[in-house]
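Novice: Here it is, the structure in full.
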Amino acid sequence: VSFAHGAAGDEPPLVRVRPAGPRSAELAARLAELECPAFGHRREQRARASGAEMTPIVLTRAVGSNVHDADDNRYVDLVAGFGAVVLGHGAAPIARAVAEQAGRLVQGLGDVYASDTKLALLERLARLGPGPRTRVLLGQSGADALTAAIKTAALVTGRAGIVAFEGAYHGLGYAPLAACGLRESYRAPFAAQLNPTVRYAPYPRDEADVSRALDAVEAALRPGDVGAVIVEPILGRGGCVVPPPGFLAALRGAAHRAGALLVADEVWTGVGRSGAMAYAASIGVEADVLCLGKALGGGLPISACLASEAIMGAWAREAEVVHTSTHAGAPLACAAAVATLDAVTGEGLAARAAEVGARFQARLRAALAGAAAVVDVRGAGLMIGVELASGATALAAGRAMLERGYLVLGGGTRGEVLTLTPPLTIAEPLLDAAADALAESLRDLAPA
Ligand SMILES: Cc1ncc(COP(=O)(O)O)c(C=O)c1O
């Protein structure tokens, strides 16, 4: 894990051919013939909405904070696998751990005969989780972790109801999809198959919103059928919204008074990304159930649902209740997670994310001052949102950044936010240059 600018993996962009170049375009066209149109269709809509070319690049290799496409353009990665690649691409500790594990045991027998590597991971996770005596349920995706949390709350409380937030995203498996406040369109075609007892409250953006949000939560809790209040301690896909101080503590109080569990979805914020291993706990609010994913595997698929022994004890029943899957706790992903947790804690990467992220935000604010399209710059750690005037502007700005050699992602309920989640190891000069590149991209988009 290196922080040196100019070293392999920390190099500036090198755009040899305007993306998408011919090789990427050819591969993308072939992909479109084979893949379910869910993705390609969305791209066509985006091209229409923004007027920007949306042919995707196809990635072929990556190292550190650099990603290469099929035309050998070199990009600076400000997305990092949707926030997962916290140590950078091909990080040595993960590569070593995975190679060692692959050489000795690729697959265990999950909940029947586990691997020693799974135990090593659970020992580390138990230090992060809500105590006392944290118990862990592993999964492969964020949606898995949320599914485990939702089931746990139902077992503990005997209640099916959920309070969730507008703008929230917890994954698209059926259990968390029912609580997806980000877009109604994600749920609509499947509505008849989803938990009908989910109620939504607005997510507070500033102090003035807090009482309205808490009033909505209280009203949703009043019928007494709610087992889980599920919250992202920082709204991620909803646009990197950091709630005002006091909100999460008040939310926990409301949940507990109503006999519901507070589930913190730290799939995005956790494992250093927000500047903390678990953001809510870092500001003094310990949730009952904690969900981790994304960064946990450093790029490999693994997630975890953590809760105290008292809560997880609800799974121990006379009548057998099972929650398992073939690859949950599989040794390769566990080895990657052990290496990731050891590197993030051992190298102080959460603290680095907080410091570097604060400087990056300041740098963005300075570079973007006076840019008419910029509404807000916000976030915590290396999870930063730049809110623009509209979704169409954000799409065009994101494409302009790609053409300058930077990968960025859209976010926000209307796609109006550019979301920046680079590796936690990224060299700072790359972030300074990215801020300037964004300013130039927005200048070029603005009508003369
Ligand atoms: C906060 C949060 N929870 C859950 C998920 C779902 O994770 P996955 O896509 O791994 O299922 C995401 C994904 O973006 C997320 O941001």
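Letters A, B, ... go to the chains of the structure tokens in the order shown; residues in each chain start at 1; ligands are counted from 1 in the same order.
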Any idea what's packed within 12 Å of range 110-115 of chain A, counting only C-alpha atoms, ignoring anything in its chain fewer than 3 positions away? Could you give it as a compact mmCIF listing (two decimals) with N, CA, C and O atoms, in the first residue's frame?

Specialist:
```txt
# COMPACT_ATOMS: atom_id res chain seq x y z
N GLN A 101 -4.15 -18.25 0.07
CA GLN A 101 -5.37 -19.01 0.34
C GLN A 101 -5.70 -19.93 -0.84
O GLN A 101 -6.09 -21.09 -0.65
N ARG A 104 -4.06 -23.16 -0.84
CA ARG A 104 -4.27 -24.19 0.18
C ARG A 104 -5.74 -24.57 0.39
O ARG A 104 -6.04 -25.74 0.62
N LEU A 105 -6.68 -23.64 0.24
CA LEU A 105 -8.09 -24.03 0.42
C LEU A 105 -8.98 -22.98 -0.22
O LEU A 105 -9.13 -21.87 0.30
N VAL A 106 -9.59 -23.32 -1.35
CA VAL A 106 -10.43 -22.35 -2.07
C VAL A 106 -11.85 -22.34 -1.53
O VAL A 106 -12.50 -21.31 -1.44
N GLN A 107 -12.34 -23.50 -1.16
CA GLN A 107 -13.72 -23.56 -0.69
C GLN A 107 -13.81 -24.44 0.55
O GLN A 107 -13.21 -25.52 0.59
N LYS A 118 -12.12 -18.25 7.87
CA LYS A 118 -13.38 -17.61 8.29
C LYS A 118 -13.29 -17.24 9.77
O LYS A 118 -13.69 -16.14 10.17
N LEU A 119 -12.74 -18.14 10.57
CA LEU A 119 -12.60 -17.84 12.00
C LEU A 119 -11.72 -16.61 12.20
O LEU A 119 -12.05 -15.73 13.01
N ALA A 120 -10.62 -16.54 11.45
CA ALA A 120 -9.73 -15.38 11.57
C ALA A 120 -10.49 -14.09 11.26
O ALA A 120 -10.30 -13.06 11.92
N LEU A 121 -11.36 -14.14 10.28
CA LEU A 121 -12.15 -12.95 9.93
C LEU A 121 -13.15 -12.60 11.03
O LEU A 121 -13.28 -11.44 11.43
N LEU A 122 -13.86 -13.61 11.54
CA LEU A 122 -14.86 -13.33 12.56
C LEU A 122 -14.20 -12.72 13.80
O LEU A 122 -14.78 -11.84 14.46
N LEU A 137 -22.91 -12.78 11.00
CA LEU A 137 -23.46 -13.58 9.90
C LEU A 137 -22.82 -13.05 8.62
O LEU A 137 -22.98 -11.87 8.30
N LEU A 138 -22.11 -13.89 7.90
CA LEU A 138 -21.46 -13.43 6.67
C LEU A 138 -22.36 -13.62 5.45
O LEU A 138 -23.21 -14.51 5.43
N GLY A 139 -22.16 -12.78 4.47
CA GLY A 139 -22.85 -12.90 3.18
C GLY A 139 -21.89 -12.52 2.08
O GLY A 139 -20.68 -12.35 2.32
N VAL A 322 -32.81 -21.44 9.38
CA VAL A 322 -31.51 -21.47 8.70
C VAL A 322 -31.35 -20.24 7.82
O VAL A 322 -32.29 -19.78 7.18
N HIS A 323 -30.15 -19.71 7.82
CA HIS A 323 -29.80 -18.64 6.88
C HIS A 323 -28.39 -18.94 6.39
O HIS A 323 -27.43 -18.78 7.15
N THR A 324 -28.25 -19.41 5.20
CA THR A 324 -26.92 -19.76 4.70
C THR A 324 -26.88 -19.67 3.19
O THR A 324 -27.92 -19.47 2.55
N SER A 325 -25.70 -19.76 2.63
CA SER A 325 -25.58 -19.88 1.18
C SER A 325 -24.21 -20.49 0.86
O SER A 325 -23.29 -20.43 1.69
N THR A 326 -24.09 -21.06 -0.32
CA THR A 326 -22.90 -21.84 -0.68
C THR A 326 -21.60 -21.08 -0.46
O THR A 326 -20.66 -21.59 0.11
N HIS A 327 -21.58 -19.82 -0.91
CA HIS A 327 -20.32 -19.09 -0.88
C HIS A 327 -20.18 -18.14 0.30
O HIS A 327 -19.20 -17.40 0.38
N ALA A 328 -21.16 -18.12 1.21
CA ALA A 328 -21.05 -17.22 2.37
C ALA A 328 -19.88 -17.71 3.23
O ALA A 328 -19.81 -18.87 3.61
N GLY A 329 -18.96 -16.81 3.51
CA GLY A 329 -17.80 -17.19 4.32
C GLY A 329 -16.79 -18.02 3.55
O GLY A 329 -15.95 -18.69 4.15
N ALA A 330 -16.82 -17.95 2.22
CA ALA A 330 -15.87 -18.72 1.42
C ALA A 330 -14.45 -18.22 1.68
O ALA A 330 -14.22 -17.01 1.83
N PRO A 331 -13.49 -19.15 1.74
CA PRO A 331 -12.15 -18.79 2.21
C PRO A 331 -11.45 -17.68 1.42
O PRO A 331 -10.78 -16.85 2.02
N LEU A 332 -11.58 -17.65 0.08
CA LEU A 332 -10.86 -16.62 -0.68
C LEU A 332 -11.30 -15.23 -0.28
O LEU A 332 -10.49 -14.34 -0.05
N ALA A 333 -12.62 -15.02 -0.20
CA ALA A 333 -13.13 -13.70 0.17
C ALA A 333 -12.78 -13.39 1.63
O ALA A 333 -12.48 -12.24 1.97
N CYS A 334 -12.82 -14.41 2.50
CA CYS A 334 -12.45 -14.19 3.90
C CYS A 334 -10.99 -13.77 4.00
O CYS A 334 -10.64 -12.87 4.77
N ALA A 335 -10.13 -14.41 3.21
CA ALA A 335 -8.70 -14.06 3.24
C ALA A 335 -8.51 -12.61 2.81
O ALA A 335 -7.73 -11.86 3.41
```

Novice: Could you tell me, as a count of residues only, which residues of range 84-256 of chain A DSSP assigns to helix (DSSP H, G or I) when given the backbone?

Specialist: 76

Novice: Neighbouring residues of Leu402 in chain A were defined as those with any atom within 12 Å, considering only C-alpha atoms; residues of the same chain fewer than 3 positions away were excluded. Please report them as a VMD selection string.

Specialist: chain A and resid 13 to 15 17 to 21 52 to 57 67 to 69 73 to 79 395 to 399 405 to 409 434 437 to 438 441

Novice: Write the residues of the preceding selection, restricted to N, CA and C atoms, as a compact mmCIF listing (two decimals), in the first residue's frame.

Specialist:
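What follows is the written file again25.txt:
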```
# COMPACT_ATOMS: atom_id res chain seq x y z
N PRO A 13 -3.67 10.80 -15.40
CA PRO A 13 -4.36 10.20 -16.54
C PRO A 13 -3.50 10.23 -17.80
N LEU A 14 -3.74 9.27 -18.67
CA LEU A 14 -3.10 9.27 -19.99
C LEU A 14 -4.16 8.81 -20.99
N VAL A 15 -4.79 9.82 -21.64
CA VAL A 15 -5.88 9.49 -22.57
C VAL A 15 -5.30 9.51 -23.98
N VAL A 17 -6.69 7.88 -26.68
CA VAL A 17 -7.73 7.98 -27.68
C VAL A 17 -9.01 8.35 -26.94
N ARG A 18 -9.79 9.24 -27.57
CA ARG A 18 -10.99 9.73 -26.88
C ARG A 18 -11.90 8.56 -26.50
N PRO A 19 -12.27 8.45 -25.22
CA PRO A 19 -13.14 7.34 -24.84
C PRO A 19 -14.60 7.59 -25.27
N ALA A 20 -15.31 6.55 -25.63
CA ALA A 20 -14.85 5.19 -25.73
C ALA A 20 -14.08 5.00 -27.04
N GLY A 21 -12.84 4.49 -26.96
CA GLY A 21 -12.05 4.22 -28.14
C GLY A 21 -12.60 3.04 -28.91
N ALA A 52 -25.01 13.70 -23.99
CA ALA A 52 -23.60 13.26 -24.02
C ALA A 52 -23.53 11.85 -24.57
N GLU A 53 -22.40 11.58 -25.24
CA GLU A 53 -22.11 10.23 -25.72
C GLU A 53 -21.95 9.32 -24.49
N MET A 54 -22.59 8.12 -24.49
CA MET A 54 -22.52 7.29 -23.30
C MET A 54 -21.95 5.90 -23.57
N THR A 55 -21.35 5.69 -24.75
CA THR A 55 -20.75 4.37 -25.00
C THR A 55 -19.75 4.08 -23.88
N PRO A 56 -19.90 2.94 -23.21
CA PRO A 56 -19.02 2.69 -22.07
C PRO A 56 -17.63 2.27 -22.50
N ILE A 57 -16.65 2.58 -21.66
CA ILE A 57 -15.33 1.97 -21.84
C ILE A 57 -15.39 0.57 -21.24
N VAL A 67 -6.71 2.83 -13.56
CA VAL A 67 -7.47 1.80 -14.28
C VAL A 67 -7.20 2.00 -15.76
N HIS A 68 -7.05 0.91 -16.51
CA HIS A 68 -6.82 0.99 -17.95
C HIS A 68 -8.00 0.41 -18.70
N ASP A 69 -8.29 1.00 -19.87
CA ASP A 69 -9.37 0.44 -20.67
C ASP A 69 -8.79 -0.34 -21.86
N ASN A 73 -6.14 3.46 -22.56
CA ASN A 73 -6.21 4.75 -21.86
C ASN A 73 -6.01 4.48 -20.38
N ARG A 74 -5.29 5.39 -19.72
CA ARG A 74 -5.09 5.25 -18.27
C ARG A 74 -5.91 6.31 -17.53
N TYR A 75 -6.72 5.85 -16.60
CA TYR A 75 -7.59 6.74 -15.84
C TYR A 75 -7.16 6.79 -14.38
N VAL A 76 -7.56 7.86 -13.70
CA VAL A 76 -7.49 7.91 -12.25
C VAL A 76 -8.86 7.50 -11.74
N ASP A 77 -8.87 6.54 -10.85
CA ASP A 77 -10.12 5.91 -10.42
C ASP A 77 -10.69 6.62 -9.19
N LEU A 78 -11.71 7.44 -9.40
CA LEU A 78 -12.36 8.12 -8.27
C LEU A 78 -13.65 7.39 -7.88
N VAL A 79 -13.77 6.13 -8.29
CA VAL A 79 -14.95 5.32 -7.95
C VAL A 79 -14.55 4.10 -7.11
N LEU A 395 -24.55 14.05 -15.61
CA LEU A 395 -24.18 13.05 -16.63
C LEU A 395 -23.13 13.62 -17.59
N ALA A 396 -23.38 14.84 -18.06
CA ALA A 396 -22.45 15.46 -19.01
C ALA A 396 -21.10 15.72 -18.34
N ALA A 397 -21.14 16.16 -17.07
CA ALA A 397 -19.88 16.43 -16.35
C ALA A 397 -19.12 15.12 -16.12
N GLY A 398 -19.84 14.07 -15.80
CA GLY A 398 -19.20 12.77 -15.58
C GLY A 398 -18.52 12.29 -16.85
N ARG A 399 -19.18 12.51 -18.00
CA ARG A 399 -18.58 12.09 -19.27
C ARG A 399 -17.37 12.96 -19.61
N GLY A 405 -9.87 11.65 -18.33
CA GLY A 405 -9.11 10.57 -17.69
C GLY A 405 -9.45 10.33 -16.23
N TYR A 406 -10.66 10.67 -15.83
CA TYR A 406 -11.09 10.42 -14.44
C TYR A 406 -12.39 9.62 -14.43
N LEU A 407 -12.41 8.54 -13.65
CA LEU A 407 -13.67 7.80 -13.46
C LEU A 407 -14.43 8.40 -12.29
N VAL A 408 -15.68 8.82 -12.53
CA VAL A 408 -16.56 9.30 -11.46
C VAL A 408 -17.91 8.63 -11.66
N LEU A 409 -18.75 8.72 -10.64
CA LEU A 409 -20.04 8.04 -10.70
C LEU A 409 -21.16 9.03 -10.37
N ALA A 434 -7.68 16.23 -9.92
CA ALA A 434 -9.07 15.88 -10.23
C ALA A 434 -9.99 17.06 -9.96
N ALA A 437 -9.62 19.31 -12.81
CA ALA A 437 -10.24 18.72 -14.01
C ALA A 437 -11.76 18.88 -13.97
N LEU A 438 -12.33 18.77 -12.77
CA LEU A 438 -13.78 18.93 -12.65
C LEU A 438 -14.17 20.39 -12.94
N SER A 441 -14.00 20.78 -16.61
CA SER A 441 -15.11 20.07 -17.26
C SER A 441 -16.38 20.91 -17.19
```

Novice: Could you pull out the strand (DSSP E or B) residues of range 254-288 of chain A from DSSP and send them as a PyMOL selection string?

Specialist: chain A and resi 261-265

Novice: Just C-alpha atoms for this one: save the residues we selected as a CSV table (one decimal), in the first residue's frame.

Specialist:
```csv
chain,number,residue,atom,x,y,z
A,261,LEU,CA,-34.0,-2.4,16.5
A,262,LEU,CA,-31.8,0.3,14.9
A,263,VAL,CA,-30.0,-1.2,11.8
A,264,ALA,CA,-27.0,0.8,10.6
A,265,ASP,CA,-26.3,0.1,7.0
```

Novice: Against ligand 1, which residues of chain A fall within 7 Å? For each one I want the closest pair of atoms and the distance in Å (one decimal), counting only C-alpha atoms and all ligand atoms, rows by chain and increasing residue number, as a Markdown table.

Specialist:
```
| residue | atom | partner | partner_atom_place_in_ligand_line | distance |
| --- | --- | --- | --- | --- |
| A:Phe82 | CA | ligand 1 | 14 (O) | 6.9 |
| A:Ser141 | CA | ligand 1 | 10 (O) | 3.8 |
| A:Gly142 | CA | ligand 1 | 7 (O) | 3.2 |
| A:Ala143 | CA | ligand 1 | 11 (O) | 3.7 |
| A:Asp144 | CA | ligand 1 | 11 (O) | 6.5 |
| A:Leu146 | CA | ligand 1 | 4 (C) | 6.9 |
| A:Tyr169 | CA | ligand 1 | 2 (C) | 5.3 |
| A:His170 | CA | ligand 1 | 4 (C) | 3.5 |
| A:Gly171 | CA | ligand 1 | 6 (C) | 3.5 |
| A:Leu172 | CA | ligand 1 | 11 (O) | 6.5 |
| A:Glu232 | CA | ligand 1 | 1 (C) | 5.8 |
| A:Gly236 | CA | ligand 1 | 16 (O) | 5.5 |
| A:Arg237 | CA | ligand 1 | 16 (O) | 5.7 |
| A:Asp265 | CA | ligand 1 | 1 (C) | 5.5 |
| A:Glu266 | CA | ligand 1 | 1 (C) | 5.9 |
| A:Val267 | CA | ligand 1 | 3 (N) | 4.8 |
| A:Trp268 | CA | ligand 1 | 1 (C) | 4.9 |
| A:Gly293 | CA | ligand 1 | 10 (O) | 6.3 |
| A:Lys294 | CA | ligand 1 | 10 (O) | 6.0 |
```

Novice: Would you list the contacts of Thr197 in chain A as a PyMOL selection string, taking every protein, DNA or RNA residue within 12 Å and counting only C-alpha atoms, but skipping same-chain residues closer than 4 positions in sequence?

Specialist: chain A and resi 159-164+175+178-179+191-193+220-221+223-228

Novice: Which residue, A:Arg359, A:Arg16, A:Arg404, A:Arg257, has the smallest gap to Pro429 in chain A when you use only C-alpha atoms?

Specialist: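 Looking only at the distances to Pro429 in chain A, the closest residue turns out to be A:Arg359.
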
Novice: Give the answer as one residue: which of A:Thr152, A:Gln140, A:Asn66, A:Ser50 has the shortest atom-to-atom distance to Leu430 in chain A, using only C-alpha atoms?

Specialist: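 Once distances to Leu430 in chain A are computed over only C-alpha atoms, the minimum belongs to A:Asn66.
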
Novice: Which one of A:Asp72, A:Ala168, A:Val217, A:Tyr203 sits closest to Leu182 in chain A if you count only C-alpha atoms?

Specialist: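 Looking only at the distances to Leu182 in chain A, the closest residue turns out to be A:Ala168.
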
Novice: To one decimal in Å, tell me the separation between CA of Glu428 in chain A and CA of Arg96 in chain A.

Specialist: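 Pair CA of Glu428 in chain A / CA of Arg96 in chain A returns 25.8 Å.
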
Novice: With only C-alpha atoms as the basis for distance, which of A:Gly411, A:Ala216, A:Ala336, A:Leu431 is at the shortest distance from Ala102 in chain A?

Specialist: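 Of A:Gly411, A:Ala216, A:Ala336, A:Leu431, the one nearest Ala102 in chain A is A:Ala336, counting only C-alpha atoms.
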
Novice: With distances taken over only C-alpha atoms, which of A:Phe360, A:Pro176, A:Gly297, A:Gly385 is nearest to Ile234 in chain A?

Specialist: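 Going through A:Phe360, A:Pro176, A:Gly297, A:Gly385 one by one, the smallest distance to Ile234 in chain A is for A:Gly385.
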
Novice: Would you work out the distance separating CA of Val229 in chain A from CA of Ala255 in chain A, expressed in Å to one decimal?

Specialist: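 CA of Val229 in chain A sits 6.4 Å away from CA of Ala255 in chain A.
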
Novice: What's the separation between CA of Arg365 in chain A and CA of Val377 in chain A, in Å to one decimal place?

Specialist: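 It comes out at 6.6 Å.
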
Novice: Considering only C-alpha atoms, can you say which of A:Arg252, A:Arg273, A:Arg212, A:Arg135 comes closest to Met383 in chain A?

Specialist: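 Under the stated criterion, the closest residue is A:Arg273.
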
Novice: Env of Ala371 in chain A: 8 Å cut, atoms = only C-alpha atoms, seq-sep filter 5 positions within chain, self excluded. Answer as a ChimeraX atom specification.

Specialist: /A:439,442-443

Novice: For the selection just defined, write its residues with N, CA, C and O atoms to a file, as an mmCIF file, in the first residue's frame.

Specialist:
```
data_model
loop_
_atom_site.group_PDB
_atom_site.id
_atom_site.type_symbol
_atom_site.label_atom_id
_atom_site.label_comp_id
_atom_site.auth_asym_id
_atom_site.auth_seq_id
_atom_site.Cartn_x
_atom_site.Cartn_y
_atom_site.Cartn_z
ATOM 1 N N ALA A 439 -13.377 21.304 -12.417
ATOM 2 C CA ALA A 439 -13.651 22.724 -12.693
ATOM 3 C C ALA A 439 -13.603 22.980 -14.198
ATOM 4 O O ALA A 439 -14.478 23.655 -14.762
ATOM 5 N N LEU A 442 -16.623 21.498 -16.023
ATOM 6 C CA LEU A 442 -17.856 22.294 -15.865
ATOM 7 C C LEU A 442 -17.769 23.584 -16.685
ATOM 8 O O LEU A 442 -18.775 24.020 -17.255
ATOM 9 N N ARG A 443 -16.572 24.151 -16.766
ATOM 10 C CA ARG A 443 -16.393 25.367 -17.597
ATOM 11 C C ARG A 443 -16.693 25.064 -19.054
ATOM 12 O O ARG A 443 -17.378 25.811 -19.728
#
```
